[in-house]
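Listing of upload.txt, compact mmCIF, C-alpha atoms
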# COMPACT_ATOMS: atom_id res chain seq x y z
CA MET A 140 -0.67 -15.86 3.83
CA ILE A 141 -1.25 -12.45 2.32
CA HIS A 142 0.39 -9.52 4.09
CA LEU A 143 -1.27 -6.09 3.82
CA ILE A 144 0.99 -3.08 4.28
CA CYS A 145 -0.62 0.17 5.39
CA GLY A 146 0.63 3.59 6.34
CA SER A 147 0.26 7.09 5.05
CA THR A 148 2.50 8.75 2.47
CA GLY A 149 6.17 8.51 3.37
CA ALA A 150 5.73 5.85 6.06
CA GLY A 151 8.20 3.54 4.32
CA LYS A 152 5.72 0.98 3.00
CA THR A 153 7.76 -0.02 -0.04
CA THR A 154 11.04 -0.23 1.88
CA TYR A 155 9.37 -2.31 4.60
CA ALA A 156 7.64 -4.54 2.03
CA ASN A 157 10.95 -5.23 0.29
CA LYS A 158 12.57 -6.28 3.57
CA LEU A 159 9.58 -8.47 4.41
CA ARG A 160 9.73 -10.00 0.92
CA GLN A 161 13.30 -11.11 1.52
CA GLN A 162 12.44 -12.55 4.95
CA LEU A 163 9.41 -14.48 3.74
CA GLY A 164 10.33 -15.36 0.17
CA ALA A 165 7.11 -13.62 -0.84
CA LEU A 166 6.06 -11.70 -3.93
CA HIS A 167 5.80 -7.94 -3.38
CA LEU A 168 2.96 -6.36 -5.36
CA SER A 169 3.05 -2.55 -5.29
CA ILE A 170 0.18 -0.34 -6.44
CA ASP A 171 2.69 2.42 -7.26
CA ASP A 172 4.52 0.20 -9.74
CA TRP A 173 1.29 -0.76 -11.47
CA MET A 174 -0.10 2.78 -11.58
CA VAL A 175 3.11 4.30 -12.94
CA THR A 176 3.62 1.57 -15.53
CA LEU A 177 0.03 1.30 -16.72
CA PHE A 178 -1.37 4.81 -16.42
CA ALA A 179 1.30 7.51 -16.01
CA PRO A 180 1.97 7.77 -19.77
CA ASP A 181 -1.75 8.40 -20.42
CA ARG A 182 -2.66 10.62 -17.49
CA PRO A 183 -4.47 13.85 -18.25
CA ARG A 184 -2.79 17.20 -17.71
CA GLN A 185 -5.08 17.90 -14.74
CA VAL A 186 -5.31 14.70 -12.71
CA SER A 187 -8.38 14.41 -10.47
CA TRP A 188 -8.96 12.11 -7.53
CA PRO A 189 -11.82 10.25 -9.33
CA TRP A 190 -9.46 9.52 -12.27
CA ILE A 191 -6.82 8.14 -9.89
CA GLU A 192 -9.26 6.19 -7.70
CA GLU A 193 -10.88 4.40 -10.66
CA ARG A 194 -7.49 3.13 -11.83
CA VAL A 195 -6.34 2.24 -8.34
CA LEU A 196 -9.42 0.05 -7.92
CA ARG A 197 -8.75 -1.73 -11.22
CA CYS A 198 -5.14 -2.39 -10.24
CA GLU A 199 -6.17 -3.47 -6.74
CA GLN A 200 -8.57 -6.05 -8.18
CA GLN A 201 -5.94 -7.55 -10.45
CA ILE A 202 -3.22 -7.46 -7.79
CA LEU A 203 -5.50 -9.23 -5.34
CA ALA A 204 -6.48 -11.87 -7.90
CA THR A 205 -2.78 -12.51 -8.54
CA ALA A 206 -2.02 -12.75 -4.81
CA LEU A 207 -4.89 -15.20 -4.27
CA ASP A 208 -3.68 -17.38 -7.15
CA LEU A 209 -0.22 -17.43 -5.60
CA ALA A 210 -1.63 -18.23 -2.15
CA ARG A 211 -3.39 -21.28 -3.58
CA THR A 212 0.03 -22.58 -4.58
CA GLY A 213 1.57 -21.80 -1.18
CA ILE A 214 3.41 -18.63 -2.16
CA PRO A 215 2.91 -15.67 0.22
CA SER A 216 2.30 -12.17 -1.12
CA ILE A 217 2.83 -8.69 0.23
CA LEU A 218 0.27 -6.17 -0.95
CA ASP A 219 1.65 -2.64 -0.91
CA LEU A 220 -1.62 -0.93 -1.89
CA GLY A 221 -1.48 2.11 0.35
CA LEU A 222 -4.67 1.05 2.09
CA GLN A 223 -5.28 4.56 3.39
CA ARG A 224 -8.84 3.97 4.61
CA ALA A 225 -10.43 1.39 6.88
CA ASP A 226 -13.01 0.44 4.22
CA GLN A 227 -10.22 -0.37 1.74
CA ARG A 228 -8.41 -2.57 4.27
CA ARG A 229 -11.64 -4.31 5.24
CA ARG A 230 -12.61 -4.92 1.59
CA VAL A 231 -9.25 -6.51 0.77
CA ALA A 232 -8.98 -8.49 4.02
CA GLU A 233 -12.52 -9.86 3.69
CA ARG A 234 -11.87 -11.00 0.12
CA VAL A 235 -8.68 -12.75 1.27
CA ALA A 236 -10.47 -14.39 4.19
CA ALA A 237 -13.38 -15.46 1.95
CA ALA A 238 -10.84 -17.30 -0.21
CA GLY A 239 -9.65 -19.19 2.87
CA VAL A 240 -6.28 -17.47 2.94
CA GLY A 241 -4.66 -16.01 6.05
CA VAL A 242 -4.18 -12.25 6.27
CA ARG A 243 -1.87 -10.10 8.37
CA LEU A 244 -1.99 -6.30 8.51
CA HIS A 245 1.32 -4.47 8.94
CA PHE A 246 0.74 -0.89 10.13
CA LEU A 247 3.66 1.51 9.67
CA ASP A 248 2.94 4.07 12.38
CA ILE A 249 5.15 7.06 11.59
CA ASP A 250 4.65 10.68 12.65
CA ALA A 251 3.47 13.04 9.85
CA ALA A 252 6.45 15.41 10.21
CA GLU A 253 8.89 12.51 9.80
CA ARG A 254 6.93 11.18 6.84
CA TRP A 255 7.04 14.57 5.08
CA ARG A 256 10.81 14.76 5.71
CA ARG A 257 11.16 11.33 4.07
CA VAL A 258 9.01 12.38 1.10
CA GLU A 259 11.15 15.47 0.51
CA GLN A 260 14.28 13.33 0.68
CA ARG A 261 12.80 10.74 -1.71
CA ASN A 262 11.70 13.48 -4.13
CA GLY A 263 15.22 14.92 -4.12
CA GLN A 264 17.18 11.68 -4.37
CA GLN A 265 14.80 9.81 -6.70
CA GLY A 266 16.34 6.53 -5.54
CA GLU A 267 15.07 2.96 -5.57
CA SER A 268 11.68 3.61 -3.93
CA PHE A 269 10.90 6.75 -6.01
CA ARG A 270 7.94 6.38 -8.39
CA VAL A 271 6.44 9.87 -8.61
CA THR A 272 7.14 13.30 -7.13
CA VAL A 273 4.83 13.87 -4.17
CA THR A 274 4.08 17.57 -3.67
CA ARG A 275 3.05 19.10 -0.37
CA PRO A 276 -0.56 19.56 -1.59
CA MET A 277 -0.65 15.85 -2.58
CA PHE A 278 0.75 14.86 0.82
CA ASP A 279 -1.75 17.09 2.63
CA PHE A 280 -4.66 15.68 0.60
CA ILE A 281 -3.74 12.09 1.51
CA GLU A 282 -3.54 13.15 5.15
CA THR A 283 -7.24 14.13 4.96
CA ILE A 284 -8.24 10.60 3.91
CA TRP A 285 -5.70 8.62 6.00
CA GLN A 286 -7.34 6.49 8.69
CA PRO A 287 -4.90 4.67 10.98
CA PRO A 288 -6.09 1.18 11.93
CA THR A 289 -8.03 0.94 15.16
CA PRO A 290 -7.08 -1.58 17.86
CA GLU A 291 -10.12 -3.64 16.78
CA GLU A 292 -8.95 -3.68 13.17
CA MET A 293 -5.44 -4.66 14.20
CA SER A 294 -6.86 -7.53 16.24
CA ALA A 295 -9.22 -8.69 13.47
CA PHE A 296 -6.43 -8.77 10.87
CA ASP A 297 -3.64 -10.23 13.02
CA GLY A 298 -2.02 -6.79 12.98
CA VAL A 299 1.60 -5.90 13.50
CA ARG A 300 2.45 -2.28 14.40
CA VAL A 301 5.78 -1.08 13.05
CA ALA A 302 7.23 2.18 14.37
CA ALA A 303 10.52 3.16 12.79

Take the structure from the file and write it as structure tokens.
Amino acid sequence: MIHLICGSTGAGKTTYANKLRQQLGALHLSIDDWMVTLFAPDRPRQVSWPWIEERVLRCEQQILATALDLARTGIPSILDLGLQRADQRRRVAERVAAAGVGVRLHFLDIDAAERWRRVEQRNGQQGESFRVTVTRPMFDFIETIWQPPTPEEMSAFDGVRVAA
């Protein structure tokens, strides 16, 4: 089984994925870890969305290939890829299904005001789940592309809604 974690910025995806990892004995694969490790040292002074998106797609492909390899050996994975848009979730879920692996979507449904409060706290504390400072303009931009899963999508991907 491959578990897909989705929610907008500050929803608690990484924290939730870590708890789920412990419950399931699964491997947690986080896009934030990959992006920071592989690309942060080389990022241009002015980062554009196309620059970010190209690298996210590369990481997503490799993360998914790793998760599918693990699934073939019976090891579950948790993909913490952000999955902000329905087309992203569909693309990943269809690739998992095409490989004959089960998929479950976990939707962290958290109000935007609470998520921003969490982001400010994370920025200030820079604790375990901190990877990069998220500014208000960054948060607001992600809000413009965030698409919560529809009831049909939740049904198609064996969805679990998490409100915390």

request  = One decimal, Å: what's the distance from CA of Gln286 (chain A) over to CA of Ala225 (chain A), could you say?
outcome  =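 Atom-to-atom, CA of Gln286 (chain A) to CA of Ala225 (chain A), that is 6.2 Å.
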
task = Would you list the residues near (0.3, -10.8, 0.7), meaning any protein, DNA or RNA residue with an atom at most 12 Å from that point in file coordinates, counting all atoms listed in the file, as a PyMOL selection string?
result = chain A and resi 140-145+156+159-160+163-169+202-211+213-220+231-232+235-236+240-245

Could the residues in this selection be saved with C-alpha atoms as a short mmCIF file (atom, residue, chain, number, x, y, z; two decimals), in the frame of the given file?
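For reference, out_9.cif as written:
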data_model
loop_
_atom_site.label_atom_id
_atom_site.label_comp_id
_atom_site.auth_asym_id
_atom_site.auth_seq_id
_atom_site.Cartn_x
_atom_site.Cartn_y
_atom_site.Cartn_z
CA MET A 140 -0.67 -15.86 3.83
CA ILE A 141 -1.25 -12.45 2.32
CA HIS A 142 0.39 -9.52 4.09
CA LEU A 143 -1.27 -6.09 3.82
CA ILE A 144 0.99 -3.08 4.28
CA CYS A 145 -0.62 0.17 5.39
CA ALA A 156 7.64 -4.54 2.03
CA LEU A 159 9.58 -8.47 4.41
CA ARG A 160 9.73 -10.00 0.92
CA LEU A 163 9.41 -14.48 3.74
CA GLY A 164 10.33 -15.36 0.17
CA ALA A 165 7.11 -13.62 -0.84
CA LEU A 166 6.06 -11.70 -3.93
CA HIS A 167 5.80 -7.94 -3.38
CA LEU A 168 2.96 -6.36 -5.36
CA SER A 169 3.05 -2.55 -5.29
CA ILE A 202 -3.22 -7.46 -7.79
CA LEU A 203 -5.50 -9.23 -5.34
CA ALA A 204 -6.48 -11.87 -7.90
CA THR A 205 -2.78 -12.51 -8.54
CA ALA A 206 -2.02 -12.75 -4.81
CA LEU A 207 -4.89 -15.20 -4.27
CA ASP A 208 -3.68 -17.38 -7.15
CA LEU A 209 -0.22 -17.43 -5.60
CA ALA A 210 -1.63 -18.23 -2.15
CA ARG A 211 -3.39 -21.28 -3.58
CA GLY A 213 1.57 -21.80 -1.18
CA ILE A 214 3.41 -18.63 -2.16
CA PRO A 215 2.91 -15.67 0.22
CA SER A 216 2.30 -12.17 -1.12
CA ILE A 217 2.83 -8.69 0.23
CA LEU A 218 0.27 -6.17 -0.95
CA ASP A 219 1.65 -2.64 -0.91
CA LEU A 220 -1.62 -0.93 -1.89
CA VAL A 231 -9.25 -6.51 0.77
CA ALA A 232 -8.98 -8.49 4.02
CA VAL A 235 -8.68 -12.75 1.27
CA ALA A 236 -10.47 -14.39 4.19
CA VAL A 240 -6.28 -17.47 2.94
CA GLY A 241 -4.66 -16.01 6.05
CA VAL A 242 -4.18 -12.25 6.27
CA ARG A 243 -1.87 -10.10 8.37
CA LEU A 244 -1.99 -6.30 8.51
CA HIS A 245 1.32 -4.47 8.94
#

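Pairwise distance (CA of Gln227 (chain A), CA of Arg261 (chain A)) equals 25.8 Å.
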
task = Find the residues around Arg224 (chain A) up to 7 Å (all atoms listed in the file counted), leave out those fewer than 4 positions away in its own chain, and share them as JSON, numbers by chain.
result = {"A": [228, 284, 285, 286]}

request  = Using all atoms listed in the file, determine which residues lie at most 12 Å from Ala179 (chain A), disregarding the query and same-chain residues fewer than 4 positions distant; provide the list as a list in words.
outcome  = Asp171, Asp172, Trp173, Met174, Val175, Pro183, Arg184, Val186, Trp190, Ile191, Arg194, Arg270 and Val271 of chain A

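Take CA of Gln201 (chain A) and CA of Pro180 (chain A): the distance between them is 19.6 Å.
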
Might you pull out every residue within 10 Å of Phe278 (chain A), with all atoms listed in the file counted and same-chain residues fewer than 4 positions away left off, and present them as a PDB file with C-alpha atoms, in the frame of the given file?
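Saved to selection11.pdb:
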ATOM      1  CA  SER A 147       0.260   7.090   5.050  1.00  0.00           C
ATOM      2  CA  THR A 148       2.500   8.750   2.470  1.00  0.00           C
ATOM      3  CA  GLY A 149       6.170   8.510   3.370  1.00  0.00           C
ATOM      4  CA  ALA A 251       3.470  13.040   9.850  1.00  0.00           C
ATOM      5  CA  ARG A 254       6.930  11.180   6.840  1.00  0.00           C
ATOM      6  CA  TRP A 255       7.040  14.570   5.080  1.00  0.00           C
ATOM      7  CA  VAL A 258       9.010  12.380   1.100  1.00  0.00           C
ATOM      8  CA  VAL A 273       4.830  13.870  -4.170  1.00  0.00           C
ATOM      9  CA  THR A 274       4.080  17.570  -3.670  1.00  0.00           C
ATOM     10  CA  GLU A 282      -3.540  13.150   5.150  1.00  0.00           C
ATOM     11  CA  THR A 283      -7.240  14.130   4.960  1.00  0.00           C
TER      12      THR A 283
END

Box centre and edge lengths (Å, one decimal), axis-aligned, region 242-247 of chain A plus 3 Å each side, as JSON:
{"center_x": -0.3, "center_y": -5.4, "center_z": 8.2, "size_x": 13.8, "size_y": 19.8, "size_z": 9.9}

request  = List every protein, DNA or RNA residue with an atom no more than 12 Å from (-10.6, -8.3, 15.4) in the file's coordinates, counting all atoms listed in the file, and format the result as a list in words.
outcome  = Arg229, Ala232, Glu233, Val242, Arg243, Leu244, Pro288, Thr289, Pro290, Glu291, Glu292, Met293, Ser294, Ala295, Phe296, Asp297 and Gly298 of chain A
